[in-house]
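Inspection log for the structure reproduced underneath, given as structure tokens.
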Amino acid sequence: IYADPAKRLELYFRPKDPYCHPVCANRFPTSTMLLKVKRRTKKRKQLDTEEQIQPEIQFEMEILGTVTTVYKFQGMSDFQYLAMHSGPDGKQTSMYDKVLMLKPEKEDFFNRELPLYIPPPIFSRLDTPVDYFYRPDIQHREGYNNPQVSDENLIGLSRARRPHNAIFVNFDDEEIPAKPLDAAVQTWKKVCTNPVDKKVEEELRKLFEVRPVWSRNAVKANISVHPDKLKLLLPYLAYYMLTGPWRSLWVRFGYDPRKHPEAKIYQVLDFRIRCGMKYGYAPNDMPVKAKRSMYNYSLPITVKKPASHTVSVHDLKQGLGISGAKKPASNAYKLKESIYIFREGALPPYRQMFYQLCDLNVESLQKIIHRNDGTESECTERDGWCLPKTSDDLRDTMSLMIKQIIRSTRPALFSNTTSSEDGKEQLAYESAEEEEDDEEEEEEEDFKPSDGSENEMETEILDYV
């Protein structure tokens, strides 16, 4: 515990009981000394009387060293759950010998009839009392009416979501919108109050003229705009596709990609870096970390200290504009190009990425995409204007490319790979256009995102609902 500053020291009242729930101590820095004190007492008696003289006491003190860390038990003890059974007569019977396997047992041990014993899956998350400050009733101005309550915001939210007036379109919808909602126009006109906003609006219009379909990340990489204002500007110029090959993308009003085969290059590819031992490396070996991981949740036995808010000299220089460390205002909100473009030899920034096909800047990938140029006959919900299984072929090829990058940066992970396997991988990489066998296809269908992947499409939808 001492070796890991993020852990708390546990104290078990019943160390031999595996169901004992501990109390935890927090770690604190300290600057104290460890003092060793010896108290020597000499008892003396007078020879001529029986009365004792006051004993002679001597103290010896020695400083053994300094103490830099101390653990303090400041929390309350949680409930304890014993493996006991209450009989009809109220007598408590211990079940430890029945539920704990202390040595290899025969089959009879597992087939015995026992009372139901289910310990709680989790105890209290917090061990310190928290004051809850109740809020008084809000005093509204005269004429205020409460918003309409629906099933969506009846429980759990302090207020209803503010609508951003985006138009959502499904792949099966027959018509596509030609103009924004009036509310979206009014909202943007109300916010667009300075020349910078006007310039951003013109820049986004030009982007949609050059390319009718954009992802939000791609827009952020090409235009510097505050995220809150982009939420209001996008519904003013484009509609959002919910399903189909252009899902999670913004499409220019009046443009229907289902009617234009050239819109094939704007289709989305949901790519997730494959993790697992069958790919040669575990999730923790990945150079690319997950956006959000279950390991980041703080458990009762761990402590997550907040980041320090101390003002540094570097911060002061930035605030005063000294030695220009701050980004210029024109690029303050711009994202890096890698957030939406896939290049050979570079790892994606996150384990799950939504790429548009035209942003896969690798010749071998573009050959897979353009295999049926000029012969597109039907736009399907799964593959759009591409040939069936095009997405699977792209993912296979990209996964092999990423594996080669990881191999070059961390060769120790692949030390057990045989030369014959290397040959097979290289062959598969060179002929990625060929279909894999049925077994591989089934694996791809069942593939799950790595731990902690974030569904960006769902996140973005929630911003506009």
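In the structure tokens, the first chain shown is A, the next is B, and so on; residue numbers restart at 1 for each chain, and ligands run from 1 in the order shown.
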Applying 9 Å and only C-alpha atoms, which residues near A:Gly75 remain after dropping the ones on its own chain fewer than 5 positions away? List them as a PyMOL selection string.
chain A and resi 23-26+126-129
Quick one: everything within 10 Å of A:Lys220, counting only C-alpha atoms, minus sequence neighbours fewer than 6 positions away in the same chain. Send it as an mmCIF file with N, CA, C and O atoms, in the first residue's frame.
```cif
data_model
loop_
_atom_site.group_PDB
_atom_site.id
_atom_site.type_symbol
_atom_site.label_atom_id
_atom_site.label_comp_id
_atom_site.auth_asym_id
_atom_site.auth_seq_id
_atom_site.Cartn_x
_atom_site.Cartn_y
_atom_site.Cartn_z
ATOM 1 N N HIS A 226 -15.890 28.066 -30.918
ATOM 2 C CA HIS A 226 -16.216 27.573 -29.572
ATOM 3 C C HIS A 226 -17.213 26.422 -29.689
ATOM 4 O O HIS A 226 -18.182 26.510 -30.445
ATOM 5 N N PRO A 227 -16.999 25.317 -28.949
ATOM 6 C CA PRO A 227 -17.895 24.156 -29.082
ATOM 7 C C PRO A 227 -19.367 24.488 -28.847
ATOM 8 O O PRO A 227 -20.243 23.940 -29.517
ATOM 9 N N LEU A 230 -20.656 26.043 -31.970
ATOM 10 C CA LEU A 230 -20.768 25.078 -33.066
ATOM 11 C C LEU A 230 -22.048 24.264 -32.937
ATOM 12 O O LEU A 230 -22.663 23.882 -33.946
ATOM 13 N N TYR A 333 -9.538 26.841 -30.716
ATOM 14 C CA TYR A 333 -10.398 25.664 -30.568
ATOM 15 C C TYR A 333 -10.167 24.617 -31.652
ATOM 16 O O TYR A 333 -10.912 23.651 -31.739
ATOM 17 N N LYS A 334 -9.153 24.804 -32.481
ATOM 18 C CA LYS A 334 -8.911 23.854 -33.562
ATOM 19 C C LYS A 334 -8.363 22.545 -33.027
ATOM 20 O O LYS A 334 -7.515 22.529 -32.140
ATOM 21 N N LEU A 335 -8.857 21.438 -33.596
ATOM 22 C CA LEU A 335 -8.341 20.123 -33.252
ATOM 23 C C LEU A 335 -7.242 19.727 -34.230
ATOM 24 O O LEU A 335 -7.116 20.308 -35.315
ATOM 25 N N LYS A 336 -6.455 18.712 -33.843
ATOM 26 C CA LYS A 336 -5.412 18.239 -34.734
ATOM 27 C C LYS A 336 -6.013 17.476 -35.913
ATOM 28 O O LYS A 336 -7.091 16.917 -35.814
ATOM 29 N N GLU A 337 -5.264 17.455 -37.004
ATOM 30 C CA GLU A 337 -5.734 16.794 -38.227
ATOM 31 C C GLU A 337 -5.980 15.309 -38.012
ATOM 32 O O GLU A 337 -6.849 14.704 -38.639
ATOM 33 N N ILE A 339 -7.482 13.820 -35.820
ATOM 34 C CA ILE A 339 -8.765 13.501 -35.209
ATOM 35 C C ILE A 339 -9.762 12.980 -36.242
ATOM 36 O O ILE A 339 -10.741 12.320 -35.902
ATOM 37 N N TYR A 340 -9.489 13.238 -37.535
ATOM 38 C CA TYR A 340 -10.429 12.754 -38.552
ATOM 39 C C TYR A 340 -9.753 12.155 -39.784
ATOM 40 O O TYR A 340 -10.438 11.600 -40.653
#
```
Report the residues of stretch 56-127 of chain A whose backbone DSSP state falls under strand (DSSP E), written as a PyMOL selection string.
chain A and resi 56-72+84-86+92-94
With only C-alpha atoms as the counted atoms, please give the residues lying no more than 8 Å from A:Phe28, apart from itself and same-chain residues fewer than 2 positions off, as a ChimeraX atom specification.
/A:26,30,69-72
Write out as a PDB file with all heavy atoms, in the first residue's frame which residues come within 8 Å of stretch 203-206 of chain A when counting only C-alpha atoms, dropping same-chain ones fewer than 4 positions away.
```
ATOM      1  N   LYS A 199     -17.650  35.413 -39.542  1.00  0.00           N
ATOM      2  CA  LYS A 199     -16.572  34.792 -40.304  1.00  0.00           C
ATOM      3  C   LYS A 199     -16.633  33.276 -40.189  1.00  0.00           C
ATOM      4  O   LYS A 199     -16.450  32.551 -41.189  1.00  0.00           O
ATOM      5  CB  LYS A 199     -15.236  35.311 -39.769  1.00  0.00           C
ATOM      6  CG  LYS A 199     -14.030  34.773 -40.531  1.00  0.00           C
ATOM      7  CD  LYS A 199     -12.736  35.300 -39.928  1.00  0.00           C
ATOM      8  CE  LYS A 199     -11.528  34.696 -40.634  1.00  0.00           C
ATOM      9  NZ  LYS A 199     -10.249  35.125 -40.016  1.00  0.00           N
ATOM     10  N   VAL A 210     -17.588  22.882 -50.608  1.00  0.00           N
ATOM     11  CA  VAL A 210     -16.519  22.011 -51.110  1.00  0.00           C
ATOM     12  C   VAL A 210     -16.875  20.547 -50.915  1.00  0.00           C
ATOM     13  O   VAL A 210     -16.626  19.706 -51.788  1.00  0.00           O
ATOM     14  CB  VAL A 210     -15.195  22.342 -50.383  1.00  0.00           C
ATOM     15  CG1 VAL A 210     -14.103  21.343 -50.767  1.00  0.00           C
ATOM     16  CG2 VAL A 210     -14.768  23.763 -50.686  1.00  0.00           C
ATOM     17  N   VAL A 219     -14.982  19.194 -38.835  1.00  0.00           N
ATOM     18  CA  VAL A 219     -15.262  20.635 -38.815  1.00  0.00           C
ATOM     19  C   VAL A 219     -14.373  21.322 -37.786  1.00  0.00           C
ATOM     20  O   VAL A 219     -13.786  22.382 -38.039  1.00  0.00           O
ATOM     21  CB  VAL A 219     -16.750  20.892 -38.513  1.00  0.00           C
ATOM     22  CG1 VAL A 219     -17.006  22.374 -38.277  1.00  0.00           C
ATOM     23  CG2 VAL A 219     -17.616  20.383 -39.659  1.00  0.00           C
ATOM     24  N   ILE A 223     -11.978  24.533 -38.620  1.00  0.00           N
ATOM     25  CA  ILE A 223     -12.459  25.843 -38.187  1.00  0.00           C
ATOM     26  C   ILE A 223     -12.242  25.978 -36.690  1.00  0.00           C
ATOM     27  O   ILE A 223     -12.483  25.035 -35.933  1.00  0.00           O
ATOM     28  CB  ILE A 223     -13.964  26.023 -38.508  1.00  0.00           C
ATOM     29  CG1 ILE A 223     -14.199  25.994 -40.012  1.00  0.00           C
ATOM     30  CG2 ILE A 223     -14.492  27.319 -37.930  1.00  0.00           C
ATOM     31  CD1 ILE A 223     -15.659  26.107 -40.387  1.00  0.00           C
ATOM     32  N   LEU A 237     -26.979  25.073 -40.699  1.00  0.00           N
ATOM     33  CA  LEU A 237     -26.491  24.856 -42.064  1.00  0.00           C
ATOM     34  C   LEU A 237     -26.637  23.427 -42.549  1.00  0.00           C
ATOM     35  O   LEU A 237     -26.451  23.166 -43.740  1.00  0.00           O
ATOM     36  CB  LEU A 237     -25.002  25.251 -42.154  1.00  0.00           C
ATOM     37  CG  LEU A 237     -24.663  26.719 -41.863  1.00  0.00           C
ATOM     38  CD1 LEU A 237     -23.160  26.923 -41.906  1.00  0.00           C
ATOM     39  CD2 LEU A 237     -25.353  27.640 -42.854  1.00  0.00           C
TER      40      LEU A 237
END
```
